[in-house]
>>> print(open('run.pdb').read())   # PDB, C-alpha atoms and all ligand atoms
MODEL        1
ATOM      1  CA  MET A   1     -62.142  42.598 -30.152
ATOM      2  CA  TYR A   2     -65.953  42.386 -30.267
ATOM      3  CA  ILE A   3     -67.186  38.878 -31.034
ATOM      4  CA  ILE A   4     -70.743  37.623 -31.473
ATOM      5  CA  LEU A   5     -71.625  33.986 -30.858
ATOM      6  CA  LEU A   6     -74.491  33.025 -33.138
ATOM      7  CA  GLY A   7     -76.298  29.712 -32.867
ATOM      8  CA  ALA A   8     -79.557  28.041 -31.926
ATOM      9  CA  PRO A   9     -80.628  27.474 -28.319
ATOM     10  CA  GLY A  10     -78.446  24.596 -27.125
ATOM     11  CA  ALA A  11     -75.710  25.092 -29.740
ATOM     12  CA  GLY A  12     -73.149  25.682 -26.981
ATOM     13  CA  LYS A  13     -72.857  29.489 -26.997
ATOM     14  CA  GLY A  14     -72.644  29.790 -23.208
ATOM     15  CA  THR A  15     -70.219  26.854 -22.936
ATOM     16  CA  GLN A  16     -67.893  28.213 -25.622
ATOM     17  CA  ALA A  17     -68.194  31.818 -24.388
ATOM     18  CA  GLU A  18     -66.809  30.719 -21.005
ATOM     19  CA  ILE A  19     -63.790  29.022 -22.602
ATOM     20  CA  LEU A  20     -63.156  31.717 -25.233
ATOM     21  CA  SER A  21     -63.450  34.583 -22.763
ATOM     22  CA  LYS A  22     -60.640  33.035 -20.707
ATOM     23  CA  GLU A  23     -58.469  32.253 -23.735
ATOM     24  CA  LEU A  24     -58.941  35.672 -25.332
ATOM     25  CA  GLY A  25     -59.187  37.746 -22.155
ATOM     26  CA  LEU A  26     -62.573  39.157 -23.108
ATOM     27  CA  THR A  27     -65.638  39.737 -20.924
ATOM     28  CA  HIS A  28     -68.527  37.313 -21.489
ATOM     29  CA  VAL A  29     -71.858  39.115 -21.897
ATOM     30  CA  SER A  30     -75.002  36.950 -22.083
ATOM     31  CA  THR A  31     -78.436  38.532 -22.529
ATOM     32  CA  GLY A  32     -80.123  35.395 -21.166
ATOM     33  CA  ASP A  33     -77.978  35.573 -18.003
ATOM     34  CA  LEU A  34     -78.701  39.305 -17.622
ATOM     35  CA  PHE A  35     -82.455  38.668 -17.900
ATOM     36  CA  ARG A  36     -82.304  35.748 -15.436
ATOM     37  CA  GLU A  37     -80.293  37.884 -13.007
ATOM     38  CA  ALA A  38     -82.921  40.646 -13.238
ATOM     39  CA  GLN A  39     -85.626  38.035 -12.602
ATOM     40  CA  ALA A  40     -83.833  36.678  -9.547
ATOM     41  CA  LYS A  41     -83.606  40.223  -8.165
ATOM     42  CA  GLY A  42     -87.284  40.788  -8.929
ATOM     43  CA  THR A  43     -86.709  44.054 -10.815
ATOM     44  CA  GLU A  44     -89.238  45.544 -13.243
ATOM     45  CA  LEU A  45     -87.026  44.452 -16.167
ATOM     46  CA  GLY A  46     -86.901  40.936 -14.718
ATOM     47  CA  LEU A  47     -90.682  40.720 -14.410
ATOM     48  CA  LEU A  48     -91.181  41.956 -17.953
ATOM     49  CA  ALA A  49     -88.570  39.569 -19.378
ATOM     50  CA  LYS A  50     -90.086  36.616 -17.494
ATOM     51  CA  SER A  51     -93.431  36.972 -19.274
ATOM     52  CA  TYR A  52     -91.701  36.457 -22.644
ATOM     53  CA  MET A  53     -89.049  33.944 -21.601
ATOM     54  CA  GLU A  54     -91.500  31.497 -20.056
ATOM     55  CA  LYS A  55     -93.342  31.330 -23.401
ATOM     56  CA  GLY A  56     -90.131  30.899 -25.373
ATOM     57  CA  ALA A  57     -90.661  34.250 -27.111
ATOM     58  CA  LEU A  58     -88.105  37.030 -27.537
ATOM     59  CA  VAL A  59     -88.109  40.010 -25.190
ATOM     60  CA  PRO A  60     -88.938  43.138 -27.284
ATOM     61  CA  ASP A  61     -85.979  44.711 -29.117
ATOM     62  CA  GLU A  62     -86.334  48.100 -27.423
ATOM     63  CA  VAL A  63     -85.903  46.627 -23.937
ATOM     64  CA  THR A  64     -83.148  44.205 -24.939
ATOM     65  CA  VAL A  65     -81.124  46.763 -26.884
ATOM     66  CA  ARG A  66     -81.280  49.298 -24.037
ATOM     67  CA  MET A  67     -80.058  46.688 -21.552
ATOM     68  CA  ILE A  68     -77.176  45.445 -23.699
ATOM     69  CA  LEU A  69     -75.921  48.898 -24.727
ATOM     70  CA  GLU A  70     -75.779  49.866 -21.068
ATOM     71  CA  ARG A  71     -73.850  46.672 -20.312
ATOM     72  CA  ILE A  72     -71.255  47.080 -23.067
ATOM     73  CA  ALA A  73     -70.675  50.705 -22.063
ATOM     74  CA  ALA A  74     -69.111  49.385 -18.818
ATOM     75  CA  ALA A  75     -65.345  49.565 -18.325
ATOM     76  CA  ASP A  76     -64.851  45.781 -18.588
ATOM     77  CA  CYS A  77     -66.112  45.887 -22.193
ATOM     78  CA  ALA A  78     -63.968  48.837 -23.312
ATOM     79  CA  GLN A  79     -61.455  46.521 -25.041
ATOM     80  CA  GLY A  80     -64.187  44.291 -26.424
ATOM     81  CA  CYS A  81     -66.385  41.421 -25.283
ATOM     82  CA  ILE A  82     -68.002  38.161 -26.315
ATOM     83  CA  LEU A  83     -71.709  38.596 -26.957
ATOM     84  CA  ASP A  84     -73.682  35.414 -26.246
ATOM     85  CA  GLY A  85     -77.364  35.454 -27.217
ATOM     86  CA  PHE A  86     -77.347  38.948 -28.685
ATOM     87  CA  PRO A  87     -78.265  40.071 -31.317
ATOM     88  CA  ARG A  88     -81.194  37.768 -32.116
ATOM     89  CA  THR A  89     -83.105  39.939 -34.611
ATOM     90  CA  LEU A  90     -82.104  42.154 -37.543
ATOM     91  CA  GLY A  91     -83.351  45.171 -35.586
ATOM     92  CA  GLN A  92     -80.986  44.318 -32.715
ATOM     93  CA  ALA A  93     -78.067  43.781 -35.117
ATOM     94  CA  ARG A  94     -78.600  47.163 -36.753
ATOM     95  CA  ALA A  95     -78.965  48.953 -33.407
ATOM     96  CA  LEU A  96     -75.741  47.332 -32.190
ATOM     97  CA  ASP A  97     -73.812  48.347 -35.324
ATOM     98  CA  GLU A  98     -75.029  51.942 -35.006
ATOM     99  CA  ALA A  99     -74.151  52.176 -31.331
ATOM    100  CA  LEU A 100     -70.650  50.742 -31.840
ATOM    101  CA  LEU A 101     -70.069  52.991 -34.848
ATOM    102  CA  SER A 102     -70.873  56.073 -32.789
ATOM    103  CA  LEU A 103     -68.100  54.956 -30.400
ATOM    104  CA  GLY A 104     -65.658  54.391 -33.275
ATOM    105  CA  LYS A 105     -65.877  50.623 -32.730
ATOM    106  CA  GLN A 106     -67.249  47.662 -34.635
ATOM    107  CA  ILE A 107     -68.012  43.952 -34.495
ATOM    108  CA  ASP A 108     -64.908  42.042 -35.601
ATOM    109  CA  ARG A 109     -66.177  38.484 -35.989
ATOM    110  CA  VAL A 110     -69.445  36.564 -35.809
ATOM    111  CA  LEU A 111     -68.898  32.912 -34.921
ATOM    112  CA  TYR A 112     -71.750  30.686 -36.079
ATOM    113  CA  ILE A 113     -71.889  27.450 -34.068
ATOM    114  CA  LYS A 114     -73.599  24.884 -36.264
ATOM    115  CA  VAL A 115     -75.485  21.984 -34.618
ATOM    116  CA  PRO A 116     -78.271  19.738 -36.032
ATOM    117  CA  SER A 117     -81.797  20.220 -34.590
ATOM    118  CA  ASP A 118     -82.196  16.770 -32.994
ATOM    119  CA  GLU A 119     -78.941  17.268 -31.092
ATOM    120  CA  LEU A 120     -80.149  20.708 -29.893
ATOM    121  CA  LEU A 121     -83.195  19.193 -28.194
ATOM    122  CA  ARG A 122     -81.058  16.503 -26.537
ATOM    123  CA  ARG A 123     -78.763  19.191 -25.182
ATOM    124  CA  LEU A 124     -81.522  21.450 -23.873
ATOM    125  CA  SER A 125     -83.380  18.637 -22.107
ATOM    126  CA  GLY A 126     -80.218  17.585 -20.227
ATOM    127  CA  ARG A 127     -78.954  21.091 -19.392
ATOM    128  CA  TRP A 128     -78.286  22.135 -15.790
ATOM    129  CA  LEU A 129     -76.990  25.568 -14.796
ATOM    130  CA  CYS A 130     -75.175  26.908 -11.770
ATOM    131  CA  ARG A 131     -77.369  29.294  -9.783
ATOM    132  CA  LYS A 132     -74.321  31.330  -8.717
ATOM    133  CA  CYS A 133     -72.006  31.559 -11.771
ATOM    134  CA  GLN A 134     -74.323  30.340 -14.624
ATOM    135  CA  THR A 135     -71.877  27.669 -15.850
ATOM    136  CA  PRO A 136     -73.787  25.143 -18.000
ATOM    137  CA  TYR A 137     -73.551  21.360 -17.430
ATOM    138  CA  HIS A 138     -75.185  18.381 -19.104
ATOM    139  CA  THR A 139     -76.313  15.192 -17.392
ATOM    140  CA  ILE A 140     -74.694  13.024 -20.103
ATOM    141  CA  THR A 141     -72.214  15.019 -22.202
ATOM    142  CA  ASN A 142     -70.791  17.361 -19.551
ATOM    143  CA  PRO A 143     -71.669  16.200 -16.018
ATOM    144  CA  PRO A 144     -70.375  18.013 -12.917
ATOM    145  CA  ARG A 145     -67.828  16.154 -10.738
ATOM    146  CA  VAL A 146     -70.295  16.089  -7.835
ATOM    147  CA  ALA A 147     -73.974  15.595  -8.755
ATOM    148  CA  GLY A 148     -76.005  18.802  -8.366
ATOM    149  CA  ARG A 149     -72.984  21.042  -7.567
ATOM    150  CA  CYS A 150     -70.908  23.407  -9.722
ATOM    151  CA  ASP A 151     -67.249  22.391 -10.342
ATOM    152  CA  ARG A 152     -66.131  26.004 -10.325
ATOM    153  CA  CYS A 153     -67.905  27.540  -7.338
ATOM    154  CA  ASP A 154     -69.802  24.694  -5.611
ATOM    155  CA  GLY A 155     -73.076  26.544  -6.368
ATOM    156  CA  GLU A 156     -76.365  24.650  -6.641
ATOM    157  CA  LEU A 157     -77.329  23.372 -10.122
ATOM    158  CA  TYR A 158     -80.859  23.841 -11.485
ATOM    159  CA  GLN A 159     -82.816  23.242 -14.697
ATOM    160  CA  ARG A 160     -84.288  26.219 -16.551
ATOM    161  CA  ALA A 161     -88.104  26.429 -16.684
ATOM    162  CA  ASP A 162     -87.870  27.126 -20.448
ATOM    163  CA  ASP A 163     -85.833  23.973 -21.184
ATOM    164  CA  THR A 164     -88.954  21.764 -21.244
ATOM    165  CA  LEU A 165     -89.505  20.020 -24.601
ATOM    166  CA  GLU A 166     -92.499  22.222 -25.494
ATOM    167  CA  THR A 167     -90.845  25.589 -24.768
ATOM    168  CA  ALA A 168     -87.535  24.458 -26.269
ATOM    169  CA  GLN A 169     -89.316  23.589 -29.526
ATOM    170  CA  LYS A 170     -90.975  26.999 -29.525
ATOM    171  CA  ARG A 171     -87.570  28.670 -28.978
ATOM    172  CA  LEU A 172     -86.121  26.749 -31.926
ATOM    173  CA  GLU A 173     -88.987  27.992 -34.145
ATOM    174  CA  VAL A 174     -88.341  31.546 -32.993
ATOM    175  CA  TYR A 175     -84.640  31.065 -33.753
ATOM    176  CA  PHE A 176     -85.272  29.860 -37.312
ATOM    177  CA  ALA A 177     -87.754  32.673 -38.032
ATOM    178  CA  GLN A 178     -86.098  35.650 -36.342
ATOM    179  CA  THR A 179     -82.414  34.919 -35.783
ATOM    180  CA  MET A 180     -81.363  32.892 -38.860
ATOM    181  CA  PRO A 181     -81.652  36.015 -41.102
ATOM    182  CA  LEU A 182     -78.626  37.379 -39.214
ATOM    183  CA  MET A 183     -76.451  34.865 -41.071
ATOM    184  CA  GLY A 184     -77.067  36.729 -44.326
ATOM    185  CA  TYR A 185     -76.586  40.090 -42.649
ATOM    186  CA  TYR A 186     -73.154  39.199 -41.261
ATOM    187  CA  THR A 187     -72.089  37.240 -44.355
ATOM    188  CA  GLU A 188     -72.679  40.382 -46.410
ATOM    189  CA  ALA A 189     -70.629  42.352 -43.904
ATOM    190  CA  GLY A 190     -67.820  39.785 -44.392
ATOM    191  CA  LYS A 191     -67.786  38.929 -40.670
ATOM    192  CA  LEU A 192     -69.312  35.461 -40.454
ATOM    193  CA  VAL A 193     -67.099  32.474 -39.631
ATOM    194  CA  GLU A 194     -68.447  28.985 -38.950
ATOM    195  CA  VAL A 195     -67.530  26.147 -36.624
ATOM    196  CA  ASP A 196     -68.858  22.573 -36.427
ATOM    197  CA  GLY A 197     -70.551  22.611 -33.017
ATOM    198  CA  ASN A 198     -71.411  18.912 -33.146
ATOM    199  CA  GLN A 199     -68.080  17.771 -31.685
ATOM    200  CA  ALA A 200     -66.655  17.454 -28.190
ATOM    201  CA  ILE A 201     -66.638  20.729 -26.232
ATOM    202  CA  GLN A 202     -62.819  21.081 -26.274
ATOM    203  CA  LYS A 203     -62.624  20.385 -30.020
ATOM    204  CA  VAL A 204     -65.260  23.042 -30.751
ATOM    205  CA  ALA A 205     -63.226  25.473 -28.630
ATOM    206  CA  GLU A 206     -59.986  24.665 -30.493
ATOM    207  CA  ASP A 207     -61.647  25.085 -33.890
ATOM    208  CA  SER A 208     -63.276  28.339 -32.734
ATOM    209  CA  LEU A 209     -59.971  29.804 -31.575
ATOM    210  CA  ALA A 210     -58.389  28.813 -34.884
ATOM    211  CA  VAL A 211     -61.003  30.705 -36.951
ATOM    212  CA  LEU A 212     -61.058  33.705 -34.604
ATOM    213  CA  ARG A 213     -57.288  34.223 -34.476
TER     214      ARG A 213
HETATM  215  P1  LIG A 301     -80.289  29.833 -24.959
HETATM  216  O1  LIG A 301     -78.974  29.791 -24.225
HETATM  217  O2  LIG A 301     -81.045  28.581 -24.804
HETATM  218  O3  LIG A 301     -80.099  30.263 -26.373
HETATM  219  P2  LIG A 301     -80.762  32.333 -23.596
HETATM  220  O4  LIG A 301     -80.380  32.110 -22.194
HETATM  221  O5  LIG A 301     -79.779  33.020 -24.485
HETATM  222  O6  LIG A 301     -81.176  30.935 -24.241
HETATM  223  O7  LIG A 301     -82.123  33.125 -23.677
HETATM  224  C1  LIG A 301     -83.231  32.743 -22.902
HETATM  225  C2  LIG A 301     -84.428  33.630 -23.225
HETATM  226  O8  LIG A 301     -84.088  35.008 -22.908
HETATM  227  C3  LIG A 301     -84.838  33.680 -24.684
HETATM  228  O9  LIG A 301     -85.707  32.608 -25.023
HETATM  229  C4  LIG A 301     -85.536  35.043 -24.756
HETATM  230  O10 LIG A 301     -86.817  35.002 -24.182
HETATM  231  C5  LIG A 301     -84.652  35.889 -23.864
HETATM  232  N1  LIG A 301     -83.556  36.505 -24.638
HETATM  233  C6  LIG A 301     -82.222  36.246 -24.536
HETATM  234  N2  LIG A 301     -81.520  36.992 -25.412
HETATM  235  C7  LIG A 301     -82.437  37.747 -26.095
HETATM  236  C8  LIG A 301     -82.357  38.706 -27.139
HETATM  237  N3  LIG A 301     -81.169  39.047 -27.703
HETATM  238  N4  LIG A 301     -83.499  39.264 -27.590
HETATM  239  C9  LIG A 301     -84.685  38.939 -27.055
HETATM  240  N5  LIG A 301     -84.843  38.041 -26.083
HETATM  241  C10 LIG A 301     -83.738  37.437 -25.592
HETATM  242  P1  LIG A 302     -76.524  27.755 -25.559
HETATM  243  O1  LIG A 302     -75.917  28.821 -24.694
HETATM  244  O2  LIG A 302     -76.157  27.916 -27.015
HETATM  245  O3  LIG A 302     -77.995  27.621 -25.383
HETATM  246  P2  LIG A 302     -75.134  25.875 -23.767
HETATM  247  O4  LIG A 302     -73.710  26.297 -23.802
HETATM  248  O5  LIG A 302     -75.931  26.253 -22.579
HETATM  249  O6  LIG A 302     -75.883  26.363 -25.137
HETATM  250  O7  LIG A 302     -75.179  24.299 -23.995
HETATM  251  C1  LIG A 302     -76.421  23.599 -24.015
HETATM  252  C2  LIG A 302     -76.232  22.239 -23.344
HETATM  253  O8  LIG A 302     -75.404  21.399 -24.151
HETATM  254  C3  LIG A 302     -75.547  22.285 -21.979
HETATM  255  O9  LIG A 302     -76.112  21.285 -21.196
HETATM  256  C4  LIG A 302     -74.080  21.998 -22.280
HETATM  257  O10 LIG A 302     -73.410  21.378 -21.189
HETATM  258  C5  LIG A 302     -74.196  21.040 -23.467
HETATM  259  N1  LIG A 302     -73.117  21.189 -24.467
HETATM  260  C6  LIG A 302     -72.523  22.328 -24.878
HETATM  261  N2  LIG A 302     -71.603  22.096 -25.830
HETATM  262  C7  LIG A 302     -71.622  20.755 -26.057
HETATM  263  C8  LIG A 302     -70.897  19.883 -26.954
HETATM  264  N3  LIG A 302     -69.979  20.347 -27.809
HETATM  265  N4  LIG A 302     -71.178  18.565 -26.907
HETATM  266  C9  LIG A 302     -72.103  18.084 -26.047
HETATM  267  N5  LIG A 302     -72.818  18.837 -25.182
HETATM  268  C10 LIG A 302     -72.596  20.166 -25.185
HETATM  269 ZN    ZN A 303     -70.843  27.902 -10.347
ENDMDL
END
>>> encode(input="run.pdb", output="structure tokens")
Amino acid sequence: MYIILLGAPGAGKGTQAEILSKELGLTHVSTGDLFREAQAKGTELGLLAKSYMEKGALVPDEVTVRMILERIAAADCAQGCILDGFPRTLGQARALDEALLSLGKQIDRVLYIKVPSDELLRRLSGRWLCRKCQTPYHTITNPPRVAGRCDRCDGELYQRADDTLETAQKRLEVYFAQTMPLMGYYTEAGKLVEVDGNQAIQKVAEDSLAVLR
């Protein structure tokens, strides 16, 4: 099963992808994590991505599509995967459909996680991530057991440079302009399902599993 998680920055895509990937036995693929990993390694792709990410802009489609198609061609995605943060433009959505079609596969469901804008900014400003396994935490709504350390792997927690109020606002604008049109695209394809993302993490997960199954 190929599932897309659609939602604004801070909607809880990464958080839900972690839970759903375990429940459904599907690999979690996050474009943001792939770009951050490339940055940490200092590769050419990482350097290029950084120049866009730090401004809150999207990395160009050509680069992003090439990276993701390579990733989903790997063996651990052969039975499907959960795409978190991709596609984010109509061009990316069309390229993904074409590539899957040529493999005799297709997107099964697109889960839209709906969260009001003021809540998104609260979430982004309190977000901390594990440097080792990328698990997201929140200072108020989802704190780690030990301050500054990951529950799962004891890795160090850090705040993303693009989670400042200014860059987060820019990312929300980019989302409304470039990613929202995907709702129409996937509604027409009969693939869009919606979940109320403004509830406790476990409740969102339960509701998501109910609409996906
Ligand atoms: P969030 O979890 O807040 O939605 P991500 O970690 O998914 O953010 O993405 C962080 C940044 O990485 C984006 O602001 C953008 O610069 C880049 N990025 C991630 N996914 C894509 C994509 N599909 N297309 C273009 N750029 C992307
Ligand atoms: P996205 O990947 O869509 O940008 P994340 O999964 O990283 O979103 O979540 C953004 C922030 O909000 C994180 O700090 C996370 O711990 C927190 N969060 C996620 N889901 C919820 C929820 N249902 N209620 C409260 N806080 C949440
Ligand atoms: Zn960790």
>>> residues_around(input="run.pdb", residues="range 118-127 of chain A", least_positions_apart="2", cutoff="12 Å", atoms="all atoms listed in the file", output="PyMOL selection string")
chain A and resi 7-15+113-116+129-130+134-144+148+157-172+175+197-199
>>> write_last_selection(input="run.pdb", atoms="C-alpha atoms", output="JSON list (two decimals), in the coordinates of the input")
[["chain", "number", "residue", "atom", "x", "y", "z"],
["A", 7, "GLY", "CA", -76.30, 29.71, -32.87],
["A", 8, "ALA", "CA", -79.56, 28.04, -31.93],
["A", 9, "PRO", "CA", -80.63, 27.47, -28.32],
["A", 10, "GLY", "CA", -78.45, 24.60, -27.12],
["A", 11, "ALA", "CA", -75.71, 25.09, -29.74],
["A", 12, "GLY", "CA", -73.15, 25.68, -26.98],
["A", 13, "LYS", "CA", -72.86, 29.49, -27.00],
["A", 14, "GLY", "CA", -72.64, 29.79, -23.21],
["A", 15, "THR", "CA", -70.22, 26.85, -22.94],
["A", 113, "ILE", "CA", -71.89, 27.45, -34.07],
["A", 114, "LYS", "CA", -73.60, 24.88, -36.26],
["A", 115, "VAL", "CA", -75.48, 21.98, -34.62],
["A", 116, "PRO", "CA", -78.27, 19.74, -36.03],
["A", 129, "LEU", "CA", -76.99, 25.57, -14.80],
["A", 130, "CYS", "CA", -75.18, 26.91, -11.77],
["A", 134, "GLN", "CA", -74.32, 30.34, -14.62],
["A", 135, "THR", "CA", -71.88, 27.67, -15.85],
["A", 136, "PRO", "CA", -73.79, 25.14, -18.00],
["A", 137, "TYR", "CA", -73.55, 21.36, -17.43],
["A", 138, "HIS", "CA", -75.18, 18.38, -19.10],
["A", 139, "THR", "CA", -76.31, 15.19, -17.39],
["A", 140, "ILE", "CA", -74.69, 13.02, -20.10],
["A", 141, "THR", "CA", -72.21, 15.02, -22.20],
["A", 142, "ASN", "CA", -70.79, 17.36, -19.55],
["A", 143, "PRO", "CA", -71.67, 16.20, -16.02],
["A", 144, "PRO", "CA", -70.38, 18.01, -12.92],
["A", 148, "GLY", "CA", -76.00, 18.80, -8.37],
["A", 157, "LEU", "CA", -77.33, 23.37, -10.12],
["A", 158, "TYR", "CA", -80.86, 23.84, -11.48],
["A", 159, "GLN", "CA", -82.82, 23.24, -14.70],
["A", 160, "ARG", "CA", -84.29, 26.22, -16.55],
["A", 161, "ALA", "CA", -88.10, 26.43, -16.68],
["A", 162, "ASP", "CA", -87.87, 27.13, -20.45],
["A", 163, "ASP", "CA", -85.83, 23.97, -21.18],
["A", 164, "THR", "CA", -88.95, 21.76, -21.24],
["A", 165, "LEU", "CA", -89.50, 20.02, -24.60],
["A", 166, "GLU", "CA", -92.50, 22.22, -25.49],
["A", 167, "THR", "CA", -90.84, 25.59, -24.77],
["A", 168, "ALA", "CA", -87.54, 24.46, -26.27],
["A", 169, "GLN", "CA", -89.32, 23.59, -29.53],
["A", 170, "LYS", "CA", -90.98, 27.00, -29.52],
["A", 171, "ARG", "CA", -87.57, 28.67, -28.98],
["A", 172, "LEU", "CA", -86.12, 26.75, -31.93],
["A", 175, "TYR", "CA", -84.64, 31.06, -33.75],
["A", 197, "GLY", "CA", -70.55, 22.61, -33.02],
["A", 198, "ASN", "CA", -71.41, 18.91, -33.15],
["A", 199, "GLN", "CA", -68.08, 17.77, -31.68]]
>>> resolve_selection(input="run.pdb", expression="the PyMOL selection byres (((not hetatm)) within 6 of (chain A and resi 303))", output="ChimeraX atom specification")
/A:130,132-133,135,150,152-155
>>> write_last_selection(input="run.pdb", atoms="C-alpha atoms", output="PDB file, in the coordinates of the input")
ATOM      1  CA  CYS A 130     -75.175  26.908 -11.770  1.00  0.00           C
ATOM      2  CA  LYS A 132     -74.321  31.330  -8.717  1.00  0.00           C
ATOM      3  CA  CYS A 133     -72.006  31.559 -11.771  1.00  0.00           C
ATOM      4  CA  THR A 135     -71.877  27.669 -15.850  1.00  0.00           C
ATOM      5  CA  CYS A 150     -70.908  23.407  -9.722  1.00  0.00           C
ATOM      6  CA  ARG A 152     -66.131  26.004 -10.325  1.00  0.00           C
ATOM      7  CA  CYS A 153     -67.905  27.540  -7.338  1.00  0.00           C
ATOM      8  CA  ASP A 154     -69.802  24.694  -5.611  1.00  0.00           C
ATOM      9  CA  GLY A 155     -73.076  26.544  -6.368  1.00  0.00           C
TER      10      GLY A 155
END
>>> atom_distance(input="run.pdb", atom1="CA of Leu90 in chain A", atom2="atom C4 of ligand LIG 301 (chain A)")
15.0 Å
>>> closest_residue(input="run.pdb", among="A:Thr64, A:Thr179, A:Gln39, A:Ser102", to="ligand LIG 301 (chain A)", atoms="all atoms listed in the file")
A:Thr64
>>> residues_around(input="run.pdb", residues="Lys50 in chain A", least_positions_apart="5", cutoff="9 Å", atoms="only C-alpha atoms", output="ChimeraX atom specification")
/A:35-36,39,45,55,59
>>> closest_residue(input="run.pdb", among="A:Asp84, A:Asp33, A:Glu54, A:Glu23", to="Ser208 in chain A", atoms="all atoms listed in the file")
A:Glu23
>>> residues_around(input="run.pdb", residues="Met183 in chain A", least_positions_apart="3", cutoff="10 Å", atoms="all atoms listed in the file", output="number ranges by chain")
A: 6-7, 90, 110-112, 179-180, 186-189, 191-193
>>> write_last_selection(input="run.pdb", atoms="C-alpha atoms", output="mmCIF file, in the coordinates of the input")
data_model
loop_
_atom_site.group_PDB
_atom_site.id
_atom_site.type_symbol
_atom_site.label_atom_id
_atom_site.label_comp_id
_atom_site.auth_asym_id
_atom_site.auth_seq_id
_atom_site.Cartn_x
_atom_site.Cartn_y
_atom_site.Cartn_z
ATOM 1 C CA LEU A 6 -74.491 33.025 -33.138
ATOM 2 C CA GLY A 7 -76.298 29.712 -32.867
ATOM 3 C CA LEU A 90 -82.104 42.154 -37.543
ATOM 4 C CA VAL A 110 -69.445 36.564 -35.809
ATOM 5 C CA LEU A 111 -68.898 32.912 -34.921
ATOM 6 C CA TYR A 112 -71.750 30.686 -36.079
ATOM 7 C CA THR A 179 -82.414 34.919 -35.783
ATOM 8 C CA MET A 180 -81.363 32.892 -38.860
ATOM 9 C CA TYR A 186 -73.154 39.199 -41.261
ATOM 10 C CA THR A 187 -72.089 37.240 -44.355
ATOM 11 C CA GLU A 188 -72.679 40.382 -46.410
ATOM 12 C CA ALA A 189 -70.629 42.352 -43.904
ATOM 13 C CA LYS A 191 -67.786 38.929 -40.670
ATOM 14 C CA LEU A 192 -69.312 35.461 -40.454
ATOM 15 C CA VAL A 193 -67.099 32.474 -39.631
#
>>> resolve_selection(input="run.pdb", expression="the PyMOL selection byres (((chain A and resi 105) around 12) and not hetatm)", output="list in words")
Met1, Tyr2, Ile3, Ile72, Ala73, Cys77, Ala78, Gln79, Gly80, Cys81, Leu96, Asp97, Glu98, Ala99, Leu100, Leu101, Ser102, Leu103, Gly104, Gln106, Ile107 and Asp108 of chain A
>>> atom_distance(input="run.pdb", atom1="CA of Glu18 in chain A", atom2="CA of Tyr52 in chain A")
25.6 Å
>>> closest_residue(input="run.pdb", among="A:Ser21, A:Thr43, A:Gln202, A:Ser30", to="ligand LIG 301 (chain A)", atoms="only C-alpha atoms and all ligand atoms")
A:Ser30
>>> closest_residue(input="run.pdb", among="A:His28, A:Arg94, A:Lys22, A:Arg71", to="ligand LIG 302 (chain A)", atoms="all atoms listed in the file")
A:His28
>>> axis_aligned_box(input="run.pdb", around="ligand LIG 301 (chain A)", padding_each_side="5 Å", output="lines of an AutoDock Vina configuration file")
center_x = -82.9
center_y = 33.9
center_z = -24.9
size_x = 17.8
size_y = 20.7
size_z = 15.5
>>> closest_residue(input="run.pdb", among="A:Gly184, A:Val204, A:Phe176, A:Gly25", to="Asp76 in chain A", atoms="only C-alpha atoms")
A:Gly25
>>> closest_residue(input="run.pdb", among="A:Met67, A:Thr31, A:Trp128, A:Arg213", to="ligand LIG 302 (chain A)", atoms="only C-alpha atoms and all ligand atoms")
A:Trp128
>>> residues_near_point(input="run.pdb", point="(-78.8, 37.2, -31.4)", cutoff="8 Å", atoms="all atoms listed in the file", output="PyMOL selection string")
chain A and resi 5-6+84-89+92-93+179+182
>>> atom_distance(input="run.pdb", atom1="CA of Val174 in chain A", atom2="CA of Ile4 in chain A")
18.7 Å
